[in-house]
$ cat my_file.cif   # mmCIF, C-alpha atoms
data_work
#
loop_
_atom_site.label_atom_id
_atom_site.label_comp_id
_atom_site.auth_asym_id
_atom_site.auth_seq_id
_atom_site.Cartn_x
_atom_site.Cartn_y
_atom_site.Cartn_z
CA MET N 1 123.11 -10.56 47.71
CA ALA N 2 122.52 -12.34 51.01
CA HIS N 3 119.00 -12.50 52.35
CA VAL N 4 118.52 -9.81 55.00
CA PRO N 5 115.31 -10.07 57.03
CA LEU N 6 115.00 -6.52 58.44
CA ILE N 7 115.49 -3.56 56.12
CA LEU N 8 115.03 0.09 57.14
CA LEU N 9 113.94 2.20 54.18
CA GLY N 10 114.89 5.84 53.83
CA ALA N 11 111.74 7.42 52.38
CA PRO N 12 111.49 10.74 50.47
CA LEU N 13 110.88 13.75 52.70
CA GLY N 14 108.37 15.11 50.22
CA ASN N 15 109.53 14.81 46.62
CA PRO N 16 108.84 11.21 45.50
CA GLU N 17 111.60 11.47 42.89
CA ASP N 18 114.09 11.19 45.75
CA ALA N 19 113.13 7.52 46.20
CA SER N 20 116.12 5.25 45.67
CA PRO N 21 116.13 2.20 43.37
CA ARG N 22 116.67 0.00 46.45
CA LEU N 23 113.59 1.43 48.14
CA ARG N 24 111.52 0.61 45.04
CA GLU N 25 112.93 -2.90 44.83
CA THR N 26 112.47 -3.61 48.53
CA LEU N 27 108.87 -2.39 48.58
CA ALA N 28 108.11 -4.75 45.69
CA THR N 29 109.83 -7.83 47.15
CA ALA N 30 109.60 -7.69 50.98
CA ASP N 31 107.42 -10.32 52.65
CA VAL N 32 106.09 -7.72 55.09
CA VAL N 33 106.08 -3.92 54.77
CA ALA N 34 105.51 -2.05 58.05
CA ALA N 35 104.50 1.52 57.21
CA GLU N 36 103.95 4.53 59.45
CA ASP N 37 101.01 5.52 57.24
CA THR N 38 99.77 2.82 54.85
CA ARG N 39 97.70 5.27 52.79
CA ARG N 40 100.62 7.63 52.33
CA LEU N 41 102.86 4.73 51.34
CA GLY N 42 100.20 3.56 48.90
CA ARG N 43 100.28 6.94 47.18
CA LEU N 44 104.08 6.85 47.02
CA ALA N 45 104.08 3.32 45.59
CA GLN N 46 101.52 4.33 42.98
CA HIS N 47 103.62 7.34 41.96
CA LEU N 48 106.69 5.12 41.67
CA GLY N 49 104.84 2.45 39.74
CA VAL N 50 105.64 -0.13 42.42
CA GLU N 51 103.27 -2.94 43.40
CA ILE N 52 103.59 -4.00 47.06
CA THR N 53 103.11 -7.78 46.94
CA GLY N 54 103.91 -8.56 50.58
CA ARG N 55 101.69 -8.06 53.61
CA LEU N 56 101.22 -4.36 54.36
CA VAL N 57 100.74 -3.39 58.03
CA SER N 58 100.57 -0.09 59.87
CA TYR N 59 103.43 0.64 62.26
CA PHE N 60 103.23 4.03 63.98
CA GLU N 61 103.72 5.58 67.40
CA GLY N 62 100.31 4.45 68.66
CA ASN N 63 100.78 0.74 67.89
CA GLU N 64 104.57 0.33 67.68
CA GLU N 65 104.97 -1.28 71.09
CA ARG N 66 102.07 -3.68 70.53
CA ARG N 67 102.97 -4.62 66.95
CA THR N 68 106.72 -5.10 67.43
CA PRO N 69 106.41 -8.67 68.83
CA ASP N 70 104.33 -9.72 65.80
CA LEU N 71 106.92 -8.34 63.39
CA ALA N 72 109.69 -9.97 65.41
CA GLU N 73 107.92 -13.31 64.90
CA GLU N 74 107.97 -12.70 61.15
CA LEU N 75 111.71 -12.07 61.36
CA ALA N 76 112.27 -15.18 63.45
CA ALA N 77 110.41 -17.18 60.79
CA GLY N 78 112.90 -15.96 58.19
CA ARG N 79 110.63 -13.50 56.42
CA THR N 80 111.92 -10.18 55.11
CA VAL N 81 110.42 -7.22 56.94
CA ALA N 82 110.80 -3.68 55.60
CA VAL N 83 110.08 -0.62 57.75
CA VAL N 84 109.19 2.69 56.11
CA THR N 85 108.10 5.98 57.69
CA ASP N 86 106.35 9.00 56.20
CA GLY N 87 109.73 10.52 55.39
CA GLY N 88 113.38 10.08 56.31
CA MET N 89 114.96 7.16 58.14
CA PRO N 90 113.05 4.87 60.52
CA SER N 91 114.17 5.01 64.18
CA VAL N 92 115.16 8.70 63.97
CA SER N 93 112.25 10.27 65.91
CA ASP N 94 110.06 7.78 64.04
CA PRO N 95 109.00 4.13 64.49
CA GLY N 96 111.69 1.49 64.04
CA PHE N 97 113.94 1.51 67.08
CA ARG N 98 111.95 -1.11 69.00
CA LEU N 99 111.99 -3.51 66.05
CA VAL N 100 115.70 -3.00 65.44
CA ARG N 101 116.37 -3.83 69.09
CA ALA N 102 114.14 -6.92 68.85
CA ALA N 103 115.93 -8.07 65.67
CA VAL N 104 119.35 -7.65 67.29
CA ALA N 105 118.17 -9.69 70.28
CA LEU N 106 117.05 -12.46 67.91
CA GLY N 107 120.36 -12.42 66.07
CA VAL N 108 118.56 -11.30 62.90
CA PRO N 109 120.63 -9.17 60.49
CA VAL N 110 119.58 -5.53 60.15
CA THR N 111 120.42 -3.26 57.25
CA ALA N 112 119.17 -0.09 55.61
CA ALA N 113 118.41 1.24 52.17
CA PRO N 114 119.78 4.74 52.85
CA GLY N 115 117.72 7.71 51.83
CA PRO N 116 116.83 11.30 52.70
CA SER N 117 117.17 12.61 56.25
CA ALA N 118 115.56 15.84 57.42
CA VAL N 119 118.35 16.25 59.99
CA VAL N 120 121.31 16.43 57.61
CA THR N 121 119.27 18.07 54.82
CA ALA N 122 118.31 20.98 57.07
CA LEU N 123 121.84 21.17 58.47
CA ALA N 124 123.33 21.33 54.97
CA VAL N 125 121.08 24.17 53.76
CA SER N 126 121.06 26.14 57.02
CA GLY N 127 124.27 28.03 56.37
CA LEU N 128 125.40 27.22 59.92
CA PRO N 129 128.55 25.23 60.85
CA CYS N 130 128.18 21.56 59.88
CA ASP N 131 131.50 20.14 61.06
CA ARG N 132 130.11 19.25 64.49
CA PHE N 133 126.43 18.96 65.35
CA CYS N 134 124.01 17.13 67.64
CA PHE N 135 120.44 16.05 66.98
CA GLU N 136 118.03 16.67 69.86
CA GLY N 137 114.76 15.48 68.32
CA PHE N 138 111.52 17.02 69.61
CA PRO N 139 111.88 19.34 72.64
CA PRO N 140 109.61 18.69 75.67
CA ARG N 141 106.01 19.76 75.13
CA LYS N 142 105.44 21.36 78.53
CA GLN N 143 106.85 24.86 78.83
CA ALA N 144 108.57 24.45 82.20
CA GLU N 145 110.34 21.27 81.08
CA ARG N 146 111.22 22.84 77.73
CA ARG N 147 112.78 25.91 79.33
CA SER N 148 114.91 23.83 81.70
CA TYR N 149 115.92 21.61 78.78
CA PHE N 150 117.05 24.58 76.68
CA THR N 151 118.85 26.19 79.62
CA ALA N 152 120.92 23.03 80.02
CA LEU N 153 121.81 23.19 76.30
CA ALA N 154 122.68 26.90 76.22
CA ALA N 155 126.45 26.34 76.48
CA GLU N 156 126.55 23.50 73.89
CA PRO N 157 129.18 24.54 71.28
CA ARG N 158 127.94 22.24 68.51
CA THR N 159 125.21 23.20 66.04
CA LEU N 160 121.88 21.86 67.31
CA VAL N 161 119.10 20.31 65.22
CA PHE N 162 115.53 19.97 66.49
CA PHE N 163 112.21 18.75 65.13
CA GLU N 164 109.11 20.73 66.07
CA SER N 165 105.42 20.86 65.21
CA PRO N 166 103.89 24.01 63.70
CA HIS N 167 101.55 24.65 66.64
CA ARG N 168 104.49 24.69 69.13
CA ILE N 169 107.20 26.36 67.03
CA ALA N 170 106.42 29.91 68.22
CA ALA N 171 106.67 28.96 71.91
CA THR N 172 109.78 26.87 71.26
CA LEU N 173 111.58 29.72 69.48
CA ALA N 174 110.63 32.16 72.25
CA ASP N 175 112.00 29.77 74.89
CA LEU N 176 115.17 29.20 72.84
CA ALA N 177 115.71 32.96 72.56
CA GLN N 178 115.30 33.30 76.32
CA ALA N 179 117.78 30.51 77.07
CA PHE N 180 120.33 31.04 74.27
CA GLY N 181 120.00 34.80 73.75
CA ASP N 182 118.02 36.76 71.15
CA ASP N 183 120.98 37.07 68.79
CA ARG N 184 121.85 33.37 68.41
CA PRO N 185 121.77 32.53 64.64
CA ALA N 186 119.31 29.86 63.50
CA ALA N 187 117.49 28.48 60.47
CA LEU N 188 113.88 27.34 60.34
CA CYS N 189 113.45 24.77 57.56
CA ARG N 190 109.87 23.87 56.65
CA GLU N 191 108.40 21.49 54.08
CA LEU N 192 111.85 20.32 52.92
CA THR N 193 111.92 19.12 49.28
CA LYS N 194 108.19 19.84 48.91
CA THR N 195 106.45 22.38 46.68
CA TYR N 196 106.36 25.06 49.37
CA GLU N 197 109.82 24.45 50.82
CA GLU N 198 111.08 27.46 52.76
CA ILE N 199 114.31 28.19 54.62
CA ARG N 200 114.16 31.12 57.02
CA ARG N 201 117.51 32.28 58.38
CA GLY N 202 118.05 34.85 61.10
CA THR N 203 118.38 35.32 64.84
CA LEU N 204 116.21 33.38 67.26
CA ALA N 205 114.38 36.58 68.14
CA ALA N 206 113.65 37.39 64.49
CA LEU N 207 112.45 33.86 63.73
CA ALA N 208 110.27 33.86 66.87
CA ALA N 209 108.59 37.11 65.79
CA ASP N 210 107.46 35.50 62.52
CA ALA N 211 106.88 31.95 63.75
CA GLU N 212 103.07 32.04 63.67
CA THR N 213 103.19 31.78 59.87
CA ALA N 214 105.34 28.62 59.88
CA ARG N 215 103.31 25.62 58.75
CA GLY N 216 104.06 22.03 57.77
CA GLU N 217 106.90 19.79 58.94
CA ILE N 218 109.63 21.83 60.61
CA THR N 219 113.31 21.16 61.25
CA LEU N 220 115.08 23.83 63.29
CA VAL N 221 118.85 24.37 63.17
CA VAL N 222 120.48 26.54 65.85
CA ALA N 223 124.10 27.68 66.02
CA GLY N 224 126.17 26.42 68.92
CA ALA N 225 127.32 28.65 71.77
CA PRO N 226 130.16 31.01 70.84
CA PRO N 227 133.66 30.18 72.14
CA VAL N 228 134.25 30.92 75.79
CA ALA N 229 136.19 34.12 76.32
CA ALA N 230 139.71 33.82 77.71
CA GLY N 231 139.79 33.96 81.46
CA ARG N 232 136.18 32.88 81.89
CA PRO N 233 135.78 30.30 84.69
CA SER N 234 134.74 26.83 83.64
CA ASP N 235 131.11 25.79 84.04
CA GLU N 236 132.16 23.53 86.88
CA ALA N 237 133.84 26.46 88.65
CA LEU N 238 130.79 28.70 88.13
CA ALA N 239 128.50 26.03 89.54
CA ALA N 240 130.82 25.60 92.52
CA GLU N 241 130.74 29.35 93.24
CA VAL N 242 126.94 29.36 93.20
CA ALA N 243 126.83 26.29 95.44
CA GLU N 244 129.20 27.98 97.91
CA LEU N 245 126.95 31.05 98.14
CA VAL N 246 123.83 28.89 98.54
CA ALA N 247 125.54 26.88 101.31
CA ALA N 248 126.23 30.19 103.06
CA GLY N 249 122.50 30.98 103.06
CA ALA N 250 121.93 32.86 99.80
CA ASP N 251 118.91 32.20 97.59
CA ARG N 252 119.96 30.30 94.45
CA LYS N 253 118.61 32.99 92.11
CA GLU N 254 120.48 35.70 94.00
CA ALA N 255 123.63 33.56 94.06
CA THR N 256 123.39 32.97 90.31
CA LEU N 257 122.99 36.68 89.64
CA ASP N 258 125.88 37.52 91.98
CA VAL N 259 128.25 35.09 90.24
CA ALA N 260 127.14 36.36 86.82
CA LYS N 261 127.88 39.97 87.78
CA ARG N 262 131.19 38.94 89.33
CA HIS N 263 132.44 37.53 86.03
CA GLY N 264 130.58 39.82 83.62
CA LEU N 265 128.41 36.98 82.32
CA ALA N 266 124.74 36.67 81.45
CA LYS N 267 122.64 35.21 84.26
CA ARG N 268 121.33 32.47 81.93
CA GLU N 269 124.94 31.39 81.22
CA VAL N 270 125.66 30.82 84.90
CA TYR N 271 122.28 29.14 85.39
CA ALA N 272 123.06 26.75 82.53
CA ALA N 273 126.37 25.88 84.22
CA VAL N 274 124.55 25.18 87.51
CA ILE N 275 121.99 22.93 85.78
CA ALA N 276 124.72 21.06 83.88
CA HIS N 277 126.66 20.33 87.08
CA LYS N 278 123.86 19.48 89.50
#
$ encode --input "my_file.cif" --output "structure tokens"
Amino acid sequence: MAHVPLILLGAPLGNPEDASPRLRETLATADVVAAEDTRRLGRLAQHLGVEITGRLVSYFEGNEERRTPDLAEELAAGRTVAVVTDGGMPSVSDPGFRLVRAAVALGVPVTAAPGPSAVVTALAVSGLPCDRFCFEGFPPRKQAERRSYFTALAAEPRTLVFFESPHRIAATLADLAQAFGDDRPAALCRELTKTYEEIRRGTLAALAADAETARGEITLVVAGAPPVAAGRPSDEALAAEVAELVAAGADRKEATLDVAKRHGLAKREVYAAVIAHK
């Protein structure tokens, strides 16, 4: 096998038995191992019976920007660098993207030892359509930004996958229910592959009502918007109607409500169309 300097390692989400043979081999042979949490990786390596012989460095959100140039120097010198996060694939809402970009700029080959991914794992067990989906990562932390963000996504037909922290999940589900409607189906997946794994399925309103008890690492899967009814104006046409009323002197909220009533639509649906076609 050709020497490949940068290797992204797919780490177990929780169950160490999900570690691949390539992950074990790479941890044992890489010149440098950049880990999101060196102590957590040490525990995993011990469980797997792997001795990390290369230089072990921390590589997490707080030092990723500062440490990337140092790791890029290692790559330029021809040393193998492996990147491993606490779980799942590097670069996917985790450290790694900056180093991949630096390696590409240097002309250094980049590859991956594929492994578990919370995104597709949650999607697969959610019971929601998997043929088309989009991953949105972590929603904005501030409520006003989060609500606008969800409103713009309300008409998205694909299944949506989000990451969220336990102390924000209740507010996030409440904002999703407001933007998407209480009855939109969803699945809250917590502690995937771990001892206390739990999959909660139901409407956004039902999940929001019980969200305070959700702890651990959370992946949220939400069904896409239902098909548009025949005869419904396009989002572009709805936005144009609102704009016409506003140009004539109407308040935007009143114009949105007027257009919604005109077509028998929910106000949030028209608002989402306006936001999407600003």
$ residues_near_point --input "my_file.cif" --point "(112.5, -1.7, 52.7)" --cutoff "6 Å" --atoms "all atoms listed in the file" --output "PyMOL selection string"
chain N and resi 7-9+23+26-27+82-83
$ atom_distance --input "my_file.cif" --atom1 "atom CA of Thr172 of chain N" --atom2 "atom CA of Arg146 of chain N"
7.8 Å
$ atom_distance --input "my_file.cif" --atom1 "atom CA of Ala76 of chain N" --atom2 "atom CA of Arg98 of chain N"
15.1 Å
$ resolve_selection --input "my_file.cif" --expression "the PyMOL selection byres ((chain N and resi 32-39) around 7)" --output "NGL selection string"
:N and (27 or 30-31 or 40-43 or 54-60 or 80-86)
$ closest_residue --input "my_file.cif" --among "N:Val92, N:Val242, N:Ile218, N:Val108" --to "Phe162 of chain N" --atoms "all atoms listed in the file"
N:Ile218
$ closest_residue --input "my_file.cif" --among "N:Gly127, N:Gly115, N:Pro166, N:Gly10" --to "Gly96 of chain N" --atoms "only C-alpha atoms"
N:Gly10
$ resolve_selection --input "my_file.cif" --expression "the PyMOL selection byres ((chain N and resi 140) around 12)" --output "list of chain:residue names"
N:Glu136, N:Gly137, N:Phe138, N:Pro139, N:Arg141, N:Lys142, N:Gln143, N:Ala144, N:Glu145, N:Arg146, N:Arg147, N:Ser148, N:Tyr149, N:Phe150, N:Phe162, N:Phe163, N:Glu164, N:Ser165, N:Arg168, N:Ile169, N:Ala171, N:Thr172, N:Asp175
$ write_last_selection --input "my_file.cif" --atoms "C-alpha atoms" --output "PDB file, in the coordinates of the input"
ATOM      1  CA  GLU N 136     118.030  16.670  69.860  1.00  0.00           C
ATOM      2  CA  GLY N 137     114.760  15.480  68.320  1.00  0.00           C
ATOM      3  CA  PHE N 138     111.520  17.020  69.610  1.00  0.00           C
ATOM      4  CA  PRO N 139     111.880  19.340  72.640  1.00  0.00           C
ATOM      5  CA  ARG N 141     106.010  19.760  75.130  1.00  0.00           C
ATOM      6  CA  LYS N 142     105.440  21.360  78.530  1.00  0.00           C
ATOM      7  CA  GLN N 143     106.850  24.860  78.830  1.00  0.00           C
ATOM      8  CA  ALA N 144     108.570  24.450  82.200  1.00  0.00           C
ATOM      9  CA  GLU N 145     110.340  21.270  81.080  1.00  0.00           C
ATOM     10  CA  ARG N 146     111.220  22.840  77.730  1.00  0.00           C
ATOM     11  CA  ARG N 147     112.780  25.910  79.330  1.00  0.00           C
ATOM     12  CA  SER N 148     114.910  23.830  81.700  1.00  0.00           C
ATOM     13  CA  TYR N 149     115.920  21.610  78.780  1.00  0.00           C
ATOM     14  CA  PHE N 150     117.050  24.580  76.680  1.00  0.00           C
ATOM     15  CA  PHE N 162     115.530  19.970  66.490  1.00  0.00           C
ATOM     16  CA  PHE N 163     112.210  18.750  65.130  1.00  0.00           C
ATOM     17  CA  GLU N 164     109.110  20.730  66.070  1.00  0.00           C
ATOM     18  CA  SER N 165     105.420  20.860  65.210  1.00  0.00           C
ATOM     19  CA  ARG N 168     104.490  24.690  69.130  1.00  0.00           C
ATOM     20  CA  ILE N 169     107.200  26.360  67.030  1.00  0.00           C
ATOM     21  CA  ALA N 171     106.670  28.960  71.910  1.00  0.00           C
ATOM     22  CA  THR N 172     109.780  26.870  71.260  1.00  0.00           C
ATOM     23  CA  ASP N 175     112.000  29.770  74.890  1.00  0.00           C
TER      24      ASP N 175
END
$ atom_distance --input "my_file.cif" --atom1 "atom CA of Val222 of chain N" --atom2 "atom CA of Asp94 of chain N"
21.5 Å
$ residues_around --input "my_file.cif" --residues "segment 190-204 of chain N" --least-positions-apart "3" --cutoff "7 Å" --atoms "all atoms listed in the file" --output "PyMOL selection string"
chain N and resi 13-15+173+177+182-187+207-208+216-219
$ residues_around --input "my_file.cif" --residues "Glu254 of chain N" --least-positions-apart "2" --cutoff "12 Å" --atoms "all atoms listed in the file" --output "count of residues only"
17
$ resolve_selection --input "my_file.cif" --expression "the PyMOL selection byres ((chain N and resi 154) around 8)" --output "list in words"
Phe150, Thr151, Ala152, Leu153, Ala155, Glu156, Ala179, Phe180, Ala225, Glu269 and Ala272 of chain N
